[in-house]
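Okay, model30.tsv now, which holds TSV, C-alpha atoms and all ligand atoms:
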```
chain	number	residue	atom	x	y	z
A	784	MET	CA	-15.29	-4.06	-7.29
A	785	GLN	CA	-18.24	-3.83	-4.92
A	786	LYS	CA	-17.78	-2.76	-1.30
A	787	LEU	CA	-19.84	-5.02	0.97
A	788	ASP	CA	-20.32	-5.27	4.76
A	789	GLU	CA	-17.81	-4.37	7.47
A	790	LEU	CA	-15.55	-7.31	8.36
A	791	TYR	CA	-13.46	-5.75	11.13
A	792	ARG	CA	-13.26	-2.35	12.77
A	793	GLY	CA	-9.97	-1.58	14.52
A	794	LYS	CA	-8.93	1.54	16.40
A	795	THR	CA	-7.92	3.47	13.27
A	796	LYS	CA	-8.79	1.29	10.27
A	797	THR	CA	-11.80	-0.63	8.97
A	798	LEU	CA	-11.79	-3.69	6.71
A	799	TYR	CA	-14.72	-4.33	4.36
A	800	ASN	CA	-15.62	-7.47	2.44
A	801	THR	CA	-15.90	-7.17	-1.32
A	802	ASP	CA	-17.66	-9.27	-3.96
A	803	ASP	CA	-14.30	-11.03	-4.47
A	804	PRO	CA	-13.73	-13.40	-1.50
A	805	LEU	CA	-9.95	-12.99	-1.86
A	806	LEU	CA	-9.96	-9.19	-1.62
A	807	LEU	CA	-10.85	-6.64	1.05
A	808	ILE	CA	-11.12	-2.87	1.17
A	809	LEU	CA	-8.88	-1.29	3.82
A	810	GLU	CA	-10.11	2.11	4.99
A	811	PHE	CA	-7.92	4.45	7.02
A	812	ARG	CA	-10.13	6.59	9.27
A	813	ASN	CA	-9.27	9.97	10.83
A	814	ASP	CA	-9.14	8.32	14.27
A	815	ILE	CA	-6.04	8.13	16.42
A	816	SER	CA	-5.55	6.34	19.71
A	817	ALA	CA	-2.96	5.93	22.41
A	818	LEU	CA	-2.61	4.03	25.69
A	819	ASN	CA	-4.30	0.99	24.13
A	820	GLY	CA	-7.44	2.91	23.24
A	821	GLN	CA	-7.79	4.87	26.51
A	822	ARG	CA	-7.17	8.09	24.55
A	823	ILE	CA	-9.06	8.49	21.28
A	824	ASP	CA	-9.20	11.54	19.01
A	825	LYS	CA	-9.87	12.48	15.40
A	826	PHE	CA	-7.61	14.48	13.10
A	827	CYS	CA	-8.89	15.89	9.86
A	828	ARG	CA	-6.95	14.51	6.81
A	829	LYS	CA	-5.17	11.80	8.84
A	830	GLY	CA	-7.02	8.94	7.12
A	831	MET	CA	-6.06	10.05	3.64
A	832	ILE	CA	-2.48	10.84	4.68
A	833	ASN	CA	-1.97	7.40	6.26
A	834	ASN	CA	-3.66	5.58	3.39
A	835	GLN	CA	-1.52	7.21	0.73
A	836	PHE	CA	1.70	7.06	2.78
A	837	ASN	CA	1.06	3.36	3.42
A	838	TYR	CA	0.37	2.74	-0.28
A	839	PHE	CA	3.56	4.60	-1.24
A	840	ILE	CA	5.80	2.69	1.20
A	841	MET	CA	4.22	-0.70	0.42
A	842	SER	CA	4.74	-0.03	-3.31
A	843	LYS	CA	8.42	0.76	-2.67
A	844	LEU	CA	8.74	-2.46	-0.68
A	845	GLU	CA	7.07	-4.44	-3.50
A	846	LYS	CA	9.63	-3.05	-5.95
A	847	PHE	CA	12.37	-4.05	-3.51
A	848	GLY	CA	10.99	-7.61	-3.54
A	849	VAL	CA	8.80	-7.84	-0.43
A	850	LEU	CA	5.36	-9.36	-1.07
A	851	THR	CA	2.66	-7.05	0.30
A	852	GLN	CA	-1.12	-7.19	0.54
A	853	ILE	CA	-1.52	-4.03	-1.58
A	854	GLU	CA	-3.55	-4.40	-4.78
A	855	LYS	CA	-4.74	-0.93	-5.78
A	856	LEU	CA	-5.28	2.56	-4.40
A	857	LEU	CA	-9.07	2.95	-4.54
A	858	SER	CA	-9.74	6.40	-3.15
A	859	GLN	CA	-8.18	9.04	-0.90
A	860	SER	CA	-8.57	6.88	2.19
A	861	GLU	CA	-9.17	3.35	0.83
A	862	THR	CA	-6.92	0.64	-0.65
A	863	LEU	CA	-7.87	-2.70	-2.15
A	864	VAL	CA	-5.87	-5.43	-0.36
A	865	LYS	CA	-5.49	-9.20	-0.38
A	866	LYS	CA	-7.37	-11.02	2.38
A	867	LEU	CA	-4.57	-12.52	4.49
A	868	ASP	CA	-4.68	-15.09	7.25
A	869	MET	CA	-2.85	-12.91	9.78
A	870	PHE	CA	-0.34	-14.22	12.31
A	871	PRO	CA	-1.34	-13.03	15.81
A	872	ILE	CA	1.99	-11.30	16.38
A	873	GLU	CA	3.50	-7.83	15.92
A	874	CYS	CA	7.14	-7.52	14.83
A	875	VAL	CA	9.10	-4.49	15.99
A	876	ILE	CA	12.56	-3.40	14.87
A	877	ARG	CA	14.44	-0.80	16.89
A	878	ASN	CA	17.40	1.07	15.43
A	879	ARG	CA	17.50	3.54	18.31
A	880	ALA	CA	16.06	3.53	21.80
A	881	ALA	CA	12.61	5.17	22.05
A	882	GLY	CA	9.13	4.62	23.46
A	883	SER	CA	8.53	1.52	25.54
A	884	PHE	CA	12.16	0.41	25.10
A	885	VAL	CA	13.37	3.51	26.97
A	886	LYS	CA	10.87	2.85	29.76
A	887	ARG	CA	11.70	-0.87	29.94
A	888	PHE	CA	15.48	-0.57	30.04
A	889	GLY	CA	16.08	2.98	31.28
A	890	ILE	CA	18.31	3.63	28.27
A	891	LYS	CA	18.57	7.21	26.99
A	892	GLU	CA	16.27	8.04	24.08
A	893	GLY	CA	18.17	8.00	20.80
A	894	PHE	CA	20.83	5.48	21.90
A	895	TYR	CA	22.02	3.49	18.85
A	896	LEU	CA	21.06	-0.17	18.88
A	897	ASN	CA	23.59	-1.95	16.69
A	898	PRO	CA	22.69	-4.47	15.41
A	899	PRO	CA	19.03	-3.38	15.49
A	900	ILE	CA	16.81	-5.16	18.00
A	901	PHE	CA	13.95	-7.42	16.86
A	902	GLU	CA	11.02	-7.79	19.26
A	903	LEU	CA	7.78	-9.77	19.16
A	904	PHE	CA	4.47	-8.83	20.75
A	905	LEU	CA	1.29	-10.86	21.02
A	906	LYS	CA	-1.72	-9.22	19.37
A	907	ASN	CA	-4.01	-9.16	22.37
A	908	ASP	CA	-5.60	-5.82	23.29
A	909	CYS	CA	-7.11	-7.20	26.52
A	910	GLN	CA	-3.61	-8.02	27.77
A	911	ASN	CA	-2.05	-4.84	26.30
A	912	ASP	CA	-0.13	-6.71	23.58
A	913	PRO	CA	2.48	-8.36	25.87
A	914	MET	CA	6.05	-8.89	24.69
A	915	ILE	CA	6.79	-12.50	23.70
A	916	ASN	CA	9.62	-14.49	22.13
A	917	THR	CA	10.10	-17.49	19.85
A	918	SER	CA	9.48	-19.89	22.74
A	919	TYR	CA	5.99	-18.41	23.29
A	920	CYS	CA	5.30	-18.80	19.57
A	921	LYS	CA	6.14	-22.49	19.83
A	922	THR	CA	4.30	-23.26	23.09
A	923	PHE	CA	1.13	-21.39	22.13
A	924	LYS	CA	1.38	-22.44	18.46
A	925	LEU	CA	1.20	-18.81	17.31
A	926	VAL	CA	3.49	-19.17	14.28
A	927	LYS	CA	5.28	-22.22	12.86
A	928	LYS	CA	9.06	-22.17	13.33
A	929	LYS	CA	9.75	-22.08	9.57
A	930	TYR	CA	7.48	-19.07	9.14
A	931	LEU	CA	8.90	-17.25	12.16
A	932	SER	CA	12.46	-17.36	10.90
A	933	GLN	CA	11.29	-16.08	7.48
A	934	ILE	CA	9.28	-13.31	9.18
A	935	GLN	CA	12.31	-12.21	11.22
A	936	LYS	CA	14.55	-12.20	8.13
A	937	LEU	CA	11.96	-10.25	6.13
A	938	THR	CA	11.53	-7.67	8.91
A	939	TYR	CA	15.29	-7.05	9.01
A	940	GLN	CA	15.37	-6.72	5.19
A	941	ILE	CA	12.50	-4.22	5.31
A	942	ASN	CA	14.41	-2.29	7.97
A	943	GLU	CA	17.61	-2.10	5.95
A	944	PHE	CA	15.77	-1.00	2.82
A	945	LEU	CA	13.65	1.62	4.59
A	946	CYS	CA	16.53	3.02	6.69
A	947	ASN	CA	18.44	3.80	3.49
A	948	PHE	CA	15.31	5.02	1.73
A	949	PHE	CA	14.32	7.49	4.49
A	950	LEU	CA	17.90	8.66	5.03
A	951	LYS	CA	17.95	9.97	1.46
A	952	SER	CA	15.27	12.44	2.63
A	953	ASP	CA	17.17	13.23	5.85
A	954	LEU	CA	14.87	11.10	7.99
A	955	ILE	CA	16.00	8.57	10.60
A	956	LEU	CA	13.91	5.41	10.93
A	957	VAL	CA	14.01	4.97	14.72
A	958	ASP	CA	11.68	1.97	14.99
A	959	PHE	CA	8.57	0.45	13.43
A	960	LYS	CA	6.00	-2.31	13.78
A	961	VAL	CA	4.90	-4.66	11.01
A	962	GLU	CA	2.46	-7.55	10.77
A	963	PHE	CA	2.41	-10.48	8.38
A	964	GLY	CA	-0.10	-13.02	7.13
A	965	LEU	CA	-0.39	-15.97	4.79
A	966	TYR	CA	-1.91	-15.83	1.31
A	967	ASP	CA	-1.61	-18.77	-1.02
A	968	ASN	CA	0.92	-20.28	1.43
A	969	LYS	CA	3.24	-17.29	1.08
A	970	ILE	CA	4.24	-14.81	3.78
A	971	ILE	CA	2.82	-11.40	2.91
A	972	LEU	CA	3.32	-8.03	4.60
A	973	GLY	CA	-0.10	-6.84	5.81
A	974	ASP	CA	-1.69	-4.23	8.06
A	975	GLU	CA	0.08	-0.89	7.57
A	976	PHE	CA	3.32	1.02	7.51
A	977	SER	CA	2.50	4.55	8.54
A	978	LEU	CA	3.58	7.37	10.81
A	979	ASP	CA	1.26	5.80	13.41
A	980	SER	CA	3.28	2.58	13.38
A	981	ALA	CA	6.82	3.89	12.90
A	982	ARG	CA	9.03	6.55	14.45
A	983	LEU	CA	10.78	8.97	12.09
A	984	TRP	CA	13.11	11.76	13.25
A	985	ASP	CA	14.67	14.62	11.35
A	986	ARG	CA	18.29	13.66	10.72
A	987	SER	CA	19.87	16.91	11.93
A	988	THR	CA	17.49	18.27	14.58
A	989	LEU	CA	16.20	14.84	15.77
A	990	ASP	CA	12.71	16.40	15.80
A	991	LYS	CA	9.95	13.80	15.96
A	992	MET	CA	7.78	13.58	12.84
A	993	ASP	CA	5.44	10.73	13.87
A	994	LYS	CA	2.68	9.70	16.30
A	995	ASP	CA	4.89	10.51	19.31
A	996	ILE	CA	3.70	14.12	18.81
A	997	TYR	CA	0.20	12.91	19.77
A	998	ARG	CA	1.42	10.46	22.43
A	999	GLN	CA	3.26	13.36	24.07
A	1000	ASN	CA	0.24	15.69	23.85
A	1001	ARG	CA	2.01	18.15	21.56
A	1002	LEU	CA	0.51	20.18	18.72
A	1003	GLY	CA	1.36	19.81	15.02
A	1004	LEU	CA	0.73	16.12	14.31
A	1005	ILE	CA	-0.82	16.57	10.86
A	1006	GLU	CA	1.70	19.28	9.95
A	1007	ALA	CA	4.53	16.83	10.78
A	1008	TYR	CA	2.91	13.99	8.79
A	1009	GLU	CA	2.49	16.35	5.82
A	1010	ALA	CA	6.12	17.50	6.12
A	1011	VAL	CA	7.23	13.86	5.82
A	1012	LEU	CA	5.04	13.41	2.72
A	1013	LYS	CA	6.55	16.55	1.20
A	1014	ARG	CA	10.11	15.33	1.80
A	1015	LEU	CA	9.28	12.02	0.11
A	1016	ASP	CA	7.53	13.87	-2.73
A	1017	ILE	CA	4.23	12.07	-2.08
A	1018	GLN	CA	1.43	14.07	-3.66
A	1019	LEU	CA	-1.99	13.41	-2.15
A	1020	THR	CA	-4.87	12.75	-4.50
A	1101	LIG	P1	6.79	1.02	21.45
A	1101	LIG	O1	8.04	1.82	21.70
A	1101	LIG	O2	5.56	1.69	21.99
A	1101	LIG	O3	6.92	-0.40	21.90
A	1101	LIG	O4	6.58	0.97	19.87
A	1101	LIG	C1	7.59	0.55	18.99
A	1101	LIG	C2	7.16	0.85	17.56
A	1101	LIG	O5	6.08	0.03	17.19
A	1101	LIG	C3	6.70	2.29	17.36
A	1101	LIG	O6	7.14	2.74	16.08
A	1101	LIG	C4	5.20	2.21	17.37
A	1101	LIG	C5	4.93	0.80	16.89
A	1101	LIG	N1	3.77	0.18	17.54
A	1101	LIG	C6	2.58	0.09	16.86
A	1101	LIG	O7	2.46	0.53	15.72
A	1101	LIG	N2	1.51	-0.50	17.48
A	1101	LIG	C7	1.59	-1.02	18.73
A	1101	LIG	O8	0.59	-1.57	19.23
A	1101	LIG	C8	2.84	-0.94	19.42
A	1101	LIG	C9	2.99	-1.48	20.81
A	1101	LIG	C10	3.89	-0.32	18.80
```
Serialized structure, structure tokens:
Amino acid sequence: MQKLDELYRGKTKTLYNTDDPLLLILEFRNDISALNGQRIDKFCRKGMINNQFNYFIMSKLEKFGVLTQIEKLLSQSETLVKKLDMFPIECVIRNRAAGSFVKRFGIKEGFYLNPPIFELFLKNDCQNDPMINTSYCKTFKLVKKKYLSQIQKLTYQINEFLCNFFLKSDLILVDFKVEFGLYDNKIILGDEFSLDSARLWDRSTLDKMDKDIYRQNRLGLIEAYEAVLKRLDIQLT
């Protein structure tokens, strides 16, 4: 597999073309950002941690029956992935109130949301990824109705599986964001599942073990990410 030119550079990841038009190389960099890119920093080891955590979780989801873009772990910070035609939406599930939900509704952090809440956001950095709903998807032809209902169902299934999975390691899955795309006319989970895109709390202390440590300007981000890896028995290569 030959790594070719850069196709897309995001805030924390880079996609490269390969000599196979159906496959891309996804590189996780050491970068981190908050406030829609207004704050940018670098953390040593973060790229390899996120790459291998993402590969581990996506592999678990594959075994559970979710189709993912993952093909092969290539190196410490790179994974070979399918080239998807991404839907321009972000899907968020919230099991407990945190982050923007707390700000939006003034509900106390940690409040149980039962059944979990499903939210949609438009992928549009210039407009700060505004919240949307199914009506927006229809009017602006973002996602066909048949795909949207499948995407929502899949996101809830992923949530149920991962909540149980993390709980076995005494971790609470507070919320997460996922993105999907089409490949061969099938809906495939793309982008990433990492501690940048999900909130995980310790079950007994409710300590945060995710990107909120950085968002809240606290120390110990990489130590927390590594503690999660240790609990899940993920050994870095
Ligand atoms: P929020 O509370 O900031 O809306 O985020 C909800 C979850 O979605 C949280 O786990 C972080 C994740 N997320 C992303 O990964 N990328 C984003 O652009 C946004 C808005 C949220």
Neighbourhood of ligand LIG 1101 (chain A) at 9 Å, counting all atoms listed in the file, reported as a PDB file with C-alpha atoms, in the coordinates of the input:
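Output below, filename part-v9.pdb:
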```pdb
ATOM      1  CA  ALA A 817      -2.960   5.930  22.410  1.00  0.00           C
ATOM      2  CA  ASN A 819      -4.300   0.990  24.130  1.00  0.00           C
ATOM      3  CA  GLU A 873       3.500  -7.830  15.920  1.00  0.00           C
ATOM      4  CA  CYS A 874       7.140  -7.520  14.830  1.00  0.00           C
ATOM      5  CA  VAL A 875       9.100  -4.490  15.990  1.00  0.00           C
ATOM      6  CA  ILE A 876      12.560  -3.400  14.870  1.00  0.00           C
ATOM      7  CA  ARG A 877      14.440  -0.800  16.890  1.00  0.00           C
ATOM      8  CA  ALA A 880      16.060   3.530  21.800  1.00  0.00           C
ATOM      9  CA  ALA A 881      12.610   5.170  22.050  1.00  0.00           C
ATOM     10  CA  GLY A 882       9.130   4.620  23.460  1.00  0.00           C
ATOM     11  CA  SER A 883       8.530   1.520  25.540  1.00  0.00           C
ATOM     12  CA  PHE A 884      12.160   0.410  25.100  1.00  0.00           C
ATOM     13  CA  VAL A 885      13.370   3.510  26.970  1.00  0.00           C
ATOM     14  CA  LYS A 886      10.870   2.850  29.760  1.00  0.00           C
ATOM     15  CA  GLU A 902      11.020  -7.790  19.260  1.00  0.00           C
ATOM     16  CA  PHE A 904       4.470  -8.830  20.750  1.00  0.00           C
ATOM     17  CA  LYS A 906      -1.720  -9.220  19.370  1.00  0.00           C
ATOM     18  CA  ASP A 908      -5.600  -5.820  23.290  1.00  0.00           C
ATOM     19  CA  ASN A 911      -2.050  -4.840  26.300  1.00  0.00           C
ATOM     20  CA  ASP A 912      -0.130  -6.710  23.580  1.00  0.00           C
ATOM     21  CA  PRO A 913       2.480  -8.360  25.870  1.00  0.00           C
ATOM     22  CA  MET A 914       6.050  -8.890  24.690  1.00  0.00           C
ATOM     23  CA  LEU A 956      13.910   5.410  10.930  1.00  0.00           C
ATOM     24  CA  VAL A 957      14.010   4.970  14.720  1.00  0.00           C
ATOM     25  CA  ASP A 958      11.680   1.970  14.990  1.00  0.00           C
ATOM     26  CA  PHE A 959       8.570   0.450  13.430  1.00  0.00           C
ATOM     27  CA  LYS A 960       6.000  -2.310  13.780  1.00  0.00           C
ATOM     28  CA  VAL A 961       4.900  -4.660  11.010  1.00  0.00           C
ATOM     29  CA  GLU A 975       0.080  -0.890   7.570  1.00  0.00           C
ATOM     30  CA  PHE A 976       3.320   1.020   7.510  1.00  0.00           C
ATOM     31  CA  SER A 977       2.500   4.550   8.540  1.00  0.00           C
ATOM     32  CA  LEU A 978       3.580   7.370  10.810  1.00  0.00           C
ATOM     33  CA  ASP A 979       1.260   5.800  13.410  1.00  0.00           C
ATOM     34  CA  SER A 980       3.280   2.580  13.380  1.00  0.00           C
ATOM     35  CA  ALA A 981       6.820   3.890  12.900  1.00  0.00           C
ATOM     36  CA  ARG A 982       9.030   6.550  14.450  1.00  0.00           C
ATOM     37  CA  LEU A 983      10.780   8.970  12.090  1.00  0.00           C
ATOM     38  CA  ASP A 993       5.440  10.730  13.870  1.00  0.00           C
ATOM     39  CA  LYS A 994       2.680   9.700  16.300  1.00  0.00           C
ATOM     40  CA  ASP A 995       4.890  10.510  19.310  1.00  0.00           C
TER      41      ASP A 995
END
```
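For the atom pair formed by CA of Asn878 in chain A and CA of Gly830 in chain A, the distance is 27.0 Å, given to one decimal.
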Shell around Leu844 in chain A at 12 Å using all atoms listed in the file, local window under 2 positions removed, as an NGL selection string: :A and (837-842 or 846-853 or 937-938 or 940-945 or 948 or 971-973 or 976)
Selected residues written out with C-alpha atoms, as an mmCIF file, keeping the file's coordinate frame:
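Once written, part-v2.cif looks like this:
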```cif
data_model
loop_
_atom_site.group_PDB
_atom_site.id
_atom_site.type_symbol
_atom_site.label_atom_id
_atom_site.label_comp_id
_atom_site.auth_asym_id
_atom_site.auth_seq_id
_atom_site.Cartn_x
_atom_site.Cartn_y
_atom_site.Cartn_z
ATOM 1 C CA ASN A 837 1.060 3.360 3.420
ATOM 2 C CA TYR A 838 0.370 2.740 -0.280
ATOM 3 C CA PHE A 839 3.560 4.600 -1.240
ATOM 4 C CA ILE A 840 5.800 2.690 1.200
ATOM 5 C CA MET A 841 4.220 -0.700 0.420
ATOM 6 C CA SER A 842 4.740 -0.030 -3.310
ATOM 7 C CA LYS A 846 9.630 -3.050 -5.950
ATOM 8 C CA PHE A 847 12.370 -4.050 -3.510
ATOM 9 C CA GLY A 848 10.990 -7.610 -3.540
ATOM 10 C CA VAL A 849 8.800 -7.840 -0.430
ATOM 11 C CA LEU A 850 5.360 -9.360 -1.070
ATOM 12 C CA THR A 851 2.660 -7.050 0.300
ATOM 13 C CA GLN A 852 -1.120 -7.190 0.540
ATOM 14 C CA ILE A 853 -1.520 -4.030 -1.580
ATOM 15 C CA LEU A 937 11.960 -10.250 6.130
ATOM 16 C CA THR A 938 11.530 -7.670 8.910
ATOM 17 C CA GLN A 940 15.370 -6.720 5.190
ATOM 18 C CA ILE A 941 12.500 -4.220 5.310
ATOM 19 C CA ASN A 942 14.410 -2.290 7.970
ATOM 20 C CA GLU A 943 17.610 -2.100 5.950
ATOM 21 C CA PHE A 944 15.770 -1.000 2.820
ATOM 22 C CA LEU A 945 13.650 1.620 4.590
ATOM 23 C CA PHE A 948 15.310 5.020 1.730
ATOM 24 C CA ILE A 971 2.820 -11.400 2.910
ATOM 25 C CA LEU A 972 3.320 -8.030 4.600
ATOM 26 C CA GLY A 973 -0.100 -6.840 5.810
ATOM 27 C CA PHE A 976 3.320 1.020 7.510
#
```
Have a look at CA of Leu925 in chain A and CA of Glu810 in chain A and let me know their distance in Å, one decimal.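 Answer for the CA of Leu925 in chain A to CA of Glu810 in chain A separation: 26.8 Å.
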Select, counting all atoms listed in the file, all protein, DNA and RNA residues no farther than 10 Å from (-14.8, -4.4, 9.8) in file coordinates, and express the selection as a PDB file with C-alpha atoms, in the coordinates of the input.
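Produced file point.pdb, reproduced below:
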```pdb
ATOM      1  CA  ASP A 788     -20.320  -5.270   4.760  1.00  0.00           C
ATOM      2  CA  GLU A 789     -17.810  -4.370   7.470  1.00  0.00           C
ATOM      3  CA  LEU A 790     -15.550  -7.310   8.360  1.00  0.00           C
ATOM      4  CA  TYR A 791     -13.460  -5.750  11.130  1.00  0.00           C
ATOM      5  CA  ARG A 792     -13.260  -2.350  12.770  1.00  0.00           C
ATOM      6  CA  GLY A 793      -9.970  -1.580  14.520  1.00  0.00           C
ATOM      7  CA  LYS A 796      -8.790   1.290  10.270  1.00  0.00           C
ATOM      8  CA  THR A 797     -11.800  -0.630   8.970  1.00  0.00           C
ATOM      9  CA  LEU A 798     -11.790  -3.690   6.710  1.00  0.00           C
ATOM     10  CA  TYR A 799     -14.720  -4.330   4.360  1.00  0.00           C
ATOM     11  CA  ASN A 800     -15.620  -7.470   2.440  1.00  0.00           C
ATOM     12  CA  LEU A 807     -10.850  -6.640   1.050  1.00  0.00           C
ATOM     13  CA  ILE A 808     -11.120  -2.870   1.170  1.00  0.00           C
ATOM     14  CA  LEU A 809      -8.880  -1.290   3.820  1.00  0.00           C
ATOM     15  CA  GLU A 810     -10.110   2.110   4.990  1.00  0.00           C
TER      16      GLU A 810
END
```
Compile the contact shell of Leu867 in chain A as a list in words: residues with an atom at most 7 Å away, counting only C-alpha atoms, same-chain residues fewer than 4 positions apart removed. Gly964, Leu965 and Tyr966 of chain A
Name the closest residue to Cys909 in chain A among the candidates A:Gly1003, A:Gly893, A:Pro804, A:Gly820; distances are taken between atoms, counting only C-alpha atoms.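 Closest to Cys909 in chain A of all the choices is A:Gly820.
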Just the number, please: distance in Å from CA of Leu1004 in chain A to CA of Leu856 in chain A, one decimal.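 So the answer is 23.9 Å.
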In terms of all atoms listed in the file, the residue from A:Gln821, A:Asn833, A:Ser816, A:Thr862 at minimal distance from Lys786 in chain A is A:Thr862
Protein/DNA/RNA residues near (1.7, -9.4, 12.2), cut 6 Å, all atoms listed in the file, as a VMD selection string: chain A and resid 870 to 873 961 to 963
Write the residues you've just listed into a file as a short mmCIF file (atom, residue, chain, number, x, y, z; two decimals), in the coordinates of the input, and include C-alpha atoms for each of them.
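This went into again-v6.cif:
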```cif
data_model
loop_
_atom_site.label_atom_id
_atom_site.label_comp_id
_atom_site.auth_asym_id
_atom_site.auth_seq_id
_atom_site.Cartn_x
_atom_site.Cartn_y
_atom_site.Cartn_z
CA PHE A 870 -0.34 -14.22 12.31
CA PRO A 871 -1.34 -13.03 15.81
CA ILE A 872 1.99 -11.30 16.38
CA GLU A 873 3.50 -7.83 15.92
CA VAL A 961 4.90 -4.66 11.01
CA GLU A 962 2.46 -7.55 10.77
CA PHE A 963 2.41 -10.48 8.38
#
```
Could all heavy atoms be built for range 844-850 of chain A and written out as a PDB file, in the coordinates of the input?
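result-v4.pdb was written with the following content:
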```
ATOM      1  N   LEU A 844       8.308  -1.153  -1.189  1.00  0.00           N
ATOM      2  CA  LEU A 844       8.740  -2.460  -0.680  1.00  0.00           C
ATOM      3  C   LEU A 844       8.496  -3.560  -1.712  1.00  0.00           C
ATOM      4  O   LEU A 844       9.309  -4.472  -1.861  1.00  0.00           O
ATOM      5  CB  LEU A 844       8.026  -2.784   0.648  1.00  0.00           C
ATOM      6  CG  LEU A 844       8.502  -1.948   1.849  1.00  0.00           C
ATOM      7  CD1 LEU A 844       7.568  -2.147   3.056  1.00  0.00           C
ATOM      8  CD2 LEU A 844       9.931  -2.323   2.243  1.00  0.00           C
ATOM      9  N   GLU A 845       7.370  -3.465  -2.425  1.00  0.00           N
ATOM     10  CA  GLU A 845       7.070  -4.440  -3.500  1.00  0.00           C
ATOM     11  C   GLU A 845       8.190  -4.420  -4.540  1.00  0.00           C
ATOM     12  O   GLU A 845       8.668  -5.463  -4.960  1.00  0.00           O
ATOM     13  CB  GLU A 845       5.746  -4.090  -4.193  1.00  0.00           C
ATOM     14  CG  GLU A 845       4.503  -4.562  -3.472  1.00  0.00           C
ATOM     15  CD  GLU A 845       4.139  -6.014  -3.749  1.00  0.00           C
ATOM     16  OE1 GLU A 845       4.761  -6.638  -4.629  1.00  0.00           O
ATOM     17  OE2 GLU A 845       3.236  -6.524  -3.058  1.00  0.00           O
ATOM     18  N   LYS A 846       8.577  -3.193  -4.926  1.00  0.00           N
ATOM     19  CA  LYS A 846       9.630  -3.050  -5.950  1.00  0.00           C
ATOM     20  C   LYS A 846      10.942  -3.629  -5.434  1.00  0.00           C
ATOM     21  O   LYS A 846      11.728  -4.184  -6.200  1.00  0.00           O
ATOM     22  CB  LYS A 846       9.813  -1.583  -6.330  1.00  0.00           C
ATOM     23  CG  LYS A 846       8.786  -1.129  -7.325  1.00  0.00           C
ATOM     24  CD  LYS A 846       9.172   0.200  -7.981  1.00  0.00           C
ATOM     25  CE  LYS A 846       7.975   0.794  -8.689  1.00  0.00           C
ATOM     26  NZ  LYS A 846       7.626   2.138  -8.264  1.00  0.00           N
ATOM     27  N   PHE A 847      11.157  -3.514  -4.129  1.00  0.00           N
ATOM     28  CA  PHE A 847      12.370  -4.050  -3.510  1.00  0.00           C
ATOM     29  C   PHE A 847      12.323  -5.588  -3.449  1.00  0.00           C
ATOM     30  O   PHE A 847      13.350  -6.250  -3.365  1.00  0.00           O
ATOM     31  CB  PHE A 847      12.502  -3.438  -2.100  1.00  0.00           C
ATOM     32  CG  PHE A 847      13.539  -4.053  -1.218  1.00  0.00           C
ATOM     33  CD1 PHE A 847      14.886  -4.009  -1.574  1.00  0.00           C
ATOM     34  CD2 PHE A 847      13.186  -4.676  -0.024  1.00  0.00           C
ATOM     35  CE1 PHE A 847      15.848  -4.579  -0.743  1.00  0.00           C
ATOM     36  CE2 PHE A 847      14.142  -5.244   0.806  1.00  0.00           C
ATOM     37  CZ  PHE A 847      15.482  -5.200   0.441  1.00  0.00           C
ATOM     38  N   GLY A 848      11.114  -6.146  -3.520  1.00  0.00           N
ATOM     39  CA  GLY A 848      10.990  -7.610  -3.540  1.00  0.00           C
ATOM     40  C   GLY A 848      10.187  -8.208  -2.394  1.00  0.00           C
ATOM     41  O   GLY A 848      10.083  -9.428  -2.280  1.00  0.00           O
ATOM     42  N   VAL A 849       9.625  -7.336  -1.541  1.00  0.00           N
ATOM     43  CA  VAL A 849       8.800  -7.840  -0.430  1.00  0.00           C
ATOM     44  C   VAL A 849       7.367  -8.011  -0.943  1.00  0.00           C
ATOM     45  O   VAL A 849       6.823  -7.096  -1.581  1.00  0.00           O
ATOM     46  CB  VAL A 849       8.801  -6.829   0.750  1.00  0.00           C
ATOM     47  CG1 VAL A 849       7.869  -7.285   1.866  1.00  0.00           C
ATOM     48  CG2 VAL A 849      10.213  -6.623   1.275  1.00  0.00           C
ATOM     49  N   LEU A 850       6.761  -9.163  -0.680  1.00  0.00           N
ATOM     50  CA  LEU A 850       5.360  -9.360  -1.070  1.00  0.00           C
ATOM     51  C   LEU A 850       4.470  -8.620  -0.075  1.00  0.00           C
ATOM     52  O   LEU A 850       4.618  -8.791   1.135  1.00  0.00           O
ATOM     53  CB  LEU A 850       5.009 -10.849  -1.074  1.00  0.00           C
ATOM     54  CG  LEU A 850       5.809 -11.734  -2.030  1.00  0.00           C
ATOM     55  CD1 LEU A 850       5.418 -13.199  -1.858  1.00  0.00           C
ATOM     56  CD2 LEU A 850       5.587 -11.285  -3.480  1.00  0.00           C
TER      57      LEU A 850
END
```
